[in-house]
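A.B. asks: One structure, pasted below without further comment.
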Amino acid sequence: MSQTGSHHAVSEETLPSELEQAHQGEVAENPFADPGLPPHEPRRQDIDEKAARASERTVALLFTLSMIATIAFIASFVIFPVDKIIYIWPLGHISVLNFSLGMSLGIALFAIGAGAVHWARTLMSDEELIAERHPIEADPETKAQVLADFAQGAKESQFGRRKLIRNTLFGALSLVPLTGVVLLRDLGPLPQQKLRHTLWSAGKLLINQNTNKPLRPEDVTVGSLTFAVPDGLAEDQADFAEQIAKAALMIIRIAPENIKDKRERDWAYQGIVAFSKICTHVGCPISLYEQQTHHVLCPCHQSTFDLSDGARVIFGPAGHALPQLRISVNSDGYLEALGDFSEPVGPAFWERG
Ligand code: FES
């Protein structure tokens, strides 16, 4: 470690103005030279013993204040009952105990910190030092020694000669991580096909989510957005949240000639189309519908889907069109599903695995 104020050794008596002149002379000689640290300016406490003593007293006072506050903290804890309330402006009505504990502890900690800072700033040495950094790389002798030690260790362990030990060690080390894989089973049963299927199946009636009644084609008017759930899904069943999160459906009616996608037209009933309500980005429920354009907007990150064109994504981060449910009308005149969605609903992560 070396101490540098400039490149020259500087005696304590050297006046600051002389130091500055010497420093400026160096800079004039070579403007690209390392300027080093600026010369040390002595503080008042460095040259005036009276000022140093005043600082010492201030620091001692702060530490004493901390001691008093700590004693006050303990006393408050003993003296004040838990339920005593007082009014203190502007805090209002507060517990005496909490207030006194908080104040005394705050002062105790603050006084220690303030005392330490004042001590460091006024009395401790403030001369800047440069700690020379040693090269990180080992010197050639150390490297050679490490290699020699390694070779010696390998020889003494007979790692190369005892092939049986070496090979079984490799086997043990490569198998032991499998224990972690087996423990993953504790995370719960595998999802199996649960993420790929919903409650929709052939013949399931479309139930209006608001009225809880089966939907008829005449209930779905042009320009309206209707939400539906599968028949038989009851709010009090244990897996209601899980099932509705997958099966939620939105239904709109579009003039058949305005449906651009052929499959969508085939899977619709007289222009009534049913799509998953779960956004394919990260699964928010979609709820904003623009009648004129037949666009639906996900409120989470603004993915926009065109329901007149296979619900393809026309804006936003979603990576995949909304799955469509194929629907028809049963003999009683109610809308019914003709099967499940053709692909997993929700974030595109799950599809086509
Ligand atoms: S969840 Fe719909 S855009 Fe992100």
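Identifiers in the structure tokens: chain A, B, ... in order shown; residue index from 1 per chain; ligand index from 1 in order shown.
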Give me the residues near A:Ala268 as a list in words, where near means some atom within 8 Å (using only C-alpha atoms) and where sequence neighbours in that chain fewer than 3 positions away do not count.
C.D. replies: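 My reading of the contact set: Glu264, Arg265, Gly271, Ile272, Val273, Ala274, Arg326, Ile327 and Ser328 of chain A.
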A.B. asks: Report as a PyMOL selection string all protein, DNA and RNA residues lying within 12 Å of stretch 121-132 of chain A, evaluated on only C-alpha atoms, omitting residues in the same chain fewer than 2 positions from it.
C.D. replies: chain A and resi 1-6+12+36-49+51-59+114-119+134-135
A.B. asks: Give me the stretch 186-283 of chain A side of the contact with stretch 335-344 of chain A, cut-off 10 Å, one line per residue showing its nearest atom pair and distance in Å at one decimal, counting only C-alpha atoms, sorted by chain and residue number, as CSV.
C.D. replies:
residue,atom,partner,partner_atom,distance
A:Gln193,CA,A:Pro344,CA,9.8
A:Lys194,CA,A:Pro344,CA,9.6
A:Leu195,CA,A:Pro344,CA,6.7
A:Arg196,CA,A:Pro344,CA,4.6
A:His197,CA,A:Pro344,CA,6.5
A:Thr198,CA,A:Asp340,CA,6.6
A:Leu199,CA,A:Asp340,CA,7.4
A:Trp200,CA,A:Asp340,CA,4.7
A:Ser201,CA,A:Gly339,CA,4.1
A:Ala202,CA,A:Gly339,CA,4.0
A:Gly203,CA,A:Glu336,CA,5.5
A:Lys204,CA,A:Ala337,CA,5.4
A:Leu205,CA,A:Glu336,CA,4.3
A:Leu206,CA,A:Glu336,CA,5.6
A:Ile207,CA,A:Leu335,CA,8.6
A:Pro214,CA,A:Leu335,CA,7.4
A:Leu215,CA,A:Leu335,CA,5.7
A:Arg216,CA,A:Leu335,CA,5.5
A:Pro217,CA,A:Leu335,CA,6.4
A:Glu218,CA,A:Leu335,CA,9.9
A:Asp219,CA,A:Leu335,CA,9.9
A:Pro230,CA,A:Ala337,CA,8.6
A:Asp231,CA,A:Glu336,CA,9.2
A:Lys246,CA,A:Pro344,CA,8.7
A:Ala247,CA,A:Phe341,CA,9.0
A:Trp267,CA,A:Leu338,CA,9.0
A:Tyr269,CA,A:Leu335,CA,8.5
A:Ile272,CA,A:Leu335,CA,9.5
A:Ala274,CA,A:Ala337,CA,9.3
A:Phe275,CA,A:Phe341,CA,8.8
A:Ser276,CA,A:Phe341,CA,8.2
A:Thr280,CA,A:Pro344,CA,9.6
A.B. asks: For A:Leu233, which residue among A:Asn330, A:Asn208, A:Ala75, A:Ile94 is the nearest when counting only C-alpha atoms?
C.D. replies: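 Nearest to A:Leu233: A:Asn208.
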A.B. asks: For ligand 1, collect every residue having any atom at a distance of at most 6 Å from a ligand atom (counting only C-alpha atoms and all ligand atoms); output as number ranges by chain.
C.D. replies: A: 279, 281-284, 298, 300-303, 317-318
A.B. asks: For the residues in that selection, give me C-alpha atoms as a compact mmCIF listing (two decimals), in the first residue's frame.
C.D. replies:
# COMPACT_ATOMS: atom_id res chain seq x y z
CA CYS A 279 -56.62 -14.53 -23.82
CA HIS A 281 -51.22 -14.27 -24.10
CA VAL A 282 -51.23 -14.96 -20.34
CA GLY A 283 -54.83 -15.92 -19.82
CA CYS A 284 -56.76 -12.78 -18.85
CA CYS A 298 -57.82 -7.96 -23.84
CA CYS A 300 -54.38 -6.80 -19.64
CA HIS A 301 -51.87 -6.02 -22.40
CA GLN A 302 -54.13 -4.86 -25.21
CA SER A 303 -53.98 -7.91 -27.44
CA PRO A 317 -48.40 -9.73 -27.50
CA ALA A 318 -50.77 -12.70 -27.84
A.B. asks: Could you tell me which of A:Ala321, A:Tyr334, A:Ser174, A:Glu290 comes closest to A:Val220 if we count only C-alpha atoms?
C.D. replies: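 Among A:Ala321, A:Tyr334, A:Ser174, A:Glu290, it is A:Tyr334 that comes nearest to A:Val220.
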A.B. asks: Name all residues at most 8 Å from A:Thr70 (count only C-alpha atoms; drop same-chain ones fewer than 4 positions away) and give them as a PyMOL selection string.
C.D. replies: chain A and resi 66+74+104-105+108
A.B. asks: Please run DSSP on the backbone and report, as number ranges by chain, all residues within stretch 147-261 of chain A that come out as strand (DSSP E or B).
C.D. replies: A: 205-208, 214, 222, 226-230, 249-253
A.B. asks: Dump N, CA and C atoms for the selected residues as a PDB file, in the first residue's frame?
C.D. replies:
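And here is the file that came out, result-v2.pdb:
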ATOM      1  N   LEU A 205     -75.329 -27.711 -23.574  1.00  0.00           N
ATOM      2  CA  LEU A 205     -76.018 -26.460 -23.879  1.00  0.00           C
ATOM      3  C   LEU A 205     -75.168 -25.269 -23.474  1.00  0.00           C
ATOM      4  N   LEU A 206     -75.324 -24.161 -24.205  1.00  0.00           N
ATOM      5  CA  LEU A 206     -74.629 -22.919 -23.866  1.00  0.00           C
ATOM      6  C   LEU A 206     -75.512 -22.151 -22.881  1.00  0.00           C
ATOM      7  N   ILE A 207     -75.039 -21.975 -21.656  1.00  0.00           N
ATOM      8  CA  ILE A 207     -75.831 -21.304 -20.622  1.00  0.00           C
ATOM      9  C   ILE A 207     -75.382 -19.857 -20.506  1.00  0.00           C
ATOM     10  N   ASN A 208     -76.357 -18.943 -20.597  1.00  0.00           N
ATOM     11  CA  ASN A 208     -76.057 -17.520 -20.456  1.00  0.00           C
ATOM     12  C   ASN A 208     -75.518 -17.276 -19.043  1.00  0.00           C
ATOM     13  N   PRO A 214     -80.456 -21.480 -20.658  1.00  0.00           N
ATOM     14  CA  PRO A 214     -79.882 -21.910 -21.939  1.00  0.00           C
ATOM     15  C   PRO A 214     -80.152 -20.851 -23.018  1.00  0.00           C
ATOM     16  N   VAL A 222     -77.192  -9.058 -33.165  1.00  0.00           N
ATOM     17  CA  VAL A 222     -76.008  -8.455 -33.786  1.00  0.00           C
ATOM     18  C   VAL A 222     -75.555  -7.276 -32.932  1.00  0.00           C
ATOM     19  N   THR A 226     -72.151 -11.805 -25.574  1.00  0.00           N
ATOM     20  CA  THR A 226     -72.767 -12.644 -24.536  1.00  0.00           C
ATOM     21  C   THR A 226     -71.720 -13.608 -24.000  1.00  0.00           C
ATOM     22  N   PHE A 227     -71.733 -13.792 -22.693  1.00  0.00           N
ATOM     23  CA  PHE A 227     -70.806 -14.748 -22.082  1.00  0.00           C
ATOM     24  C   PHE A 227     -71.592 -16.005 -21.703  1.00  0.00           C
ATOM     25  N   ALA A 228     -70.974 -17.162 -21.956  1.00  0.00           N
ATOM     26  CA  ALA A 228     -71.677 -18.422 -21.690  1.00  0.00           C
ATOM     27  C   ALA A 228     -70.761 -19.419 -20.997  1.00  0.00           C
ATOM     28  N   VAL A 229     -71.398 -20.333 -20.278  1.00  0.00           N
ATOM     29  CA  VAL A 229     -70.663 -21.438 -19.626  1.00  0.00           C
ATOM     30  C   VAL A 229     -71.375 -22.729 -19.993  1.00  0.00           C
ATOM     31  N   PRO A 230     -70.710 -23.880 -19.826  1.00  0.00           N
ATOM     32  CA  PRO A 230     -71.358 -25.133 -20.202  1.00  0.00           C
ATOM     33  C   PRO A 230     -72.454 -25.535 -19.214  1.00  0.00           C
ATOM     34  N   LEU A 249     -66.766 -18.684 -22.296  1.00  0.00           N
ATOM     35  CA  LEU A 249     -67.021 -18.534 -23.735  1.00  0.00           C
ATOM     36  C   LEU A 249     -67.602 -17.161 -24.016  1.00  0.00           C
ATOM     37  N   MET A 250     -67.257 -16.582 -25.154  1.00  0.00           N
ATOM     38  CA  MET A 250     -67.949 -15.355 -25.558  1.00  0.00           C
ATOM     39  C   MET A 250     -68.598 -15.598 -26.928  1.00  0.00           C
ATOM     40  N   ILE A 251     -69.788 -15.036 -27.050  1.00  0.00           N
ATOM     41  CA  ILE A 251     -70.606 -15.323 -28.230  1.00  0.00           C
ATOM     42  C   ILE A 251     -71.036 -14.013 -28.860  1.00  0.00           C
ATOM     43  N   ILE A 252     -70.871 -13.914 -30.148  1.00  0.00           N
ATOM     44  CA  ILE A 252     -71.386 -12.744 -30.872  1.00  0.00           C
ATOM     45  C   ILE A 252     -72.071 -13.227 -32.152  1.00  0.00           C
ATOM     46  N   ARG A 253     -72.842 -12.319 -32.706  1.00  0.00           N
ATOM     47  CA  ARG A 253     -73.487 -12.649 -33.991  1.00  0.00           C
ATOM     48  C   ARG A 253     -72.968 -11.683 -35.060  1.00  0.00           C
TER      49      ARG A 253
END
A.B. asks: Provide the atom CA of A:Ile112 to atom CA of A:Phe63 distance in Å, to one decimal place.
C.D. replies: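 Distance reported for this atom pair: 5.6 Å.
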A.B. asks: For A:Leu297, please output as a list in words all residues within 7 Å (counting only C-alpha atoms; exclusion window: fewer than 6 positions along the same chain).
C.D. replies: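 Non-adjacent residues within range: Ile286, Ser287, Leu288, Tyr289, Ser303, Thr304 and Phe305 of chain A.
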A.B. asks: How would the residues just picked look written out with C-alpha atoms as a PDB file, in the first residue's frame?
C.D. replies:
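Contents of again-v4.pdb, as written:
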ATOM      1  CA  ILE A 286     -61.296 -10.775 -22.595  1.00  0.00           C
ATOM      2  CA  SER A 287     -64.195  -8.405 -22.240  1.00  0.00           C
ATOM      3  CA  LEU A 288     -64.005  -5.376 -24.540  1.00  0.00           C
ATOM      4  CA  TYR A 289     -65.877  -5.684 -27.834  1.00  0.00           C
ATOM      5  CA  SER A 303     -53.976  -7.912 -27.436  1.00  0.00           C
ATOM      6  CA  THR A 304     -56.667  -7.452 -30.056  1.00  0.00           C
ATOM      7  CA  PHE A 305     -58.403 -10.268 -31.907  1.00  0.00           C
TER       8      PHE A 305
END
A.B. asks: Report the distance between atom CA of A:Ile314 and atom CA of A:Val296 in Å, rounded to one decimal place.
C.D. replies: 10.0 Å
A.B. asks: Taking the DSSP secondary structure from the backbone, can you list the residues of stretch 209-255 of chain A that are alpha helix (DSSP H), as a PDB file with C-alpha atoms, in the first residue's frame?
C.D. replies:
ATOM      1  CA  PHE A 240     -65.773 -24.448 -10.319  1.00  0.00           C
ATOM      2  CA  ALA A 241     -62.979 -21.851 -10.584  1.00  0.00           C
ATOM      3  CA  GLU A 242     -60.717 -24.238 -12.475  1.00  0.00           C
ATOM      4  CA  GLN A 243     -63.446 -25.300 -14.885  1.00  0.00           C
ATOM      5  CA  ILE A 244     -64.787 -21.840 -15.658  1.00  0.00           C
ATOM      6  CA  ALA A 245     -61.242 -20.588 -16.162  1.00  0.00           C
ATOM      7  CA  LYS A 246     -60.977 -22.986 -19.078  1.00  0.00           C
ATOM      8  CA  ALA A 247     -64.530 -23.135 -20.439  1.00  0.00           C
TER       9      ALA A 247
END
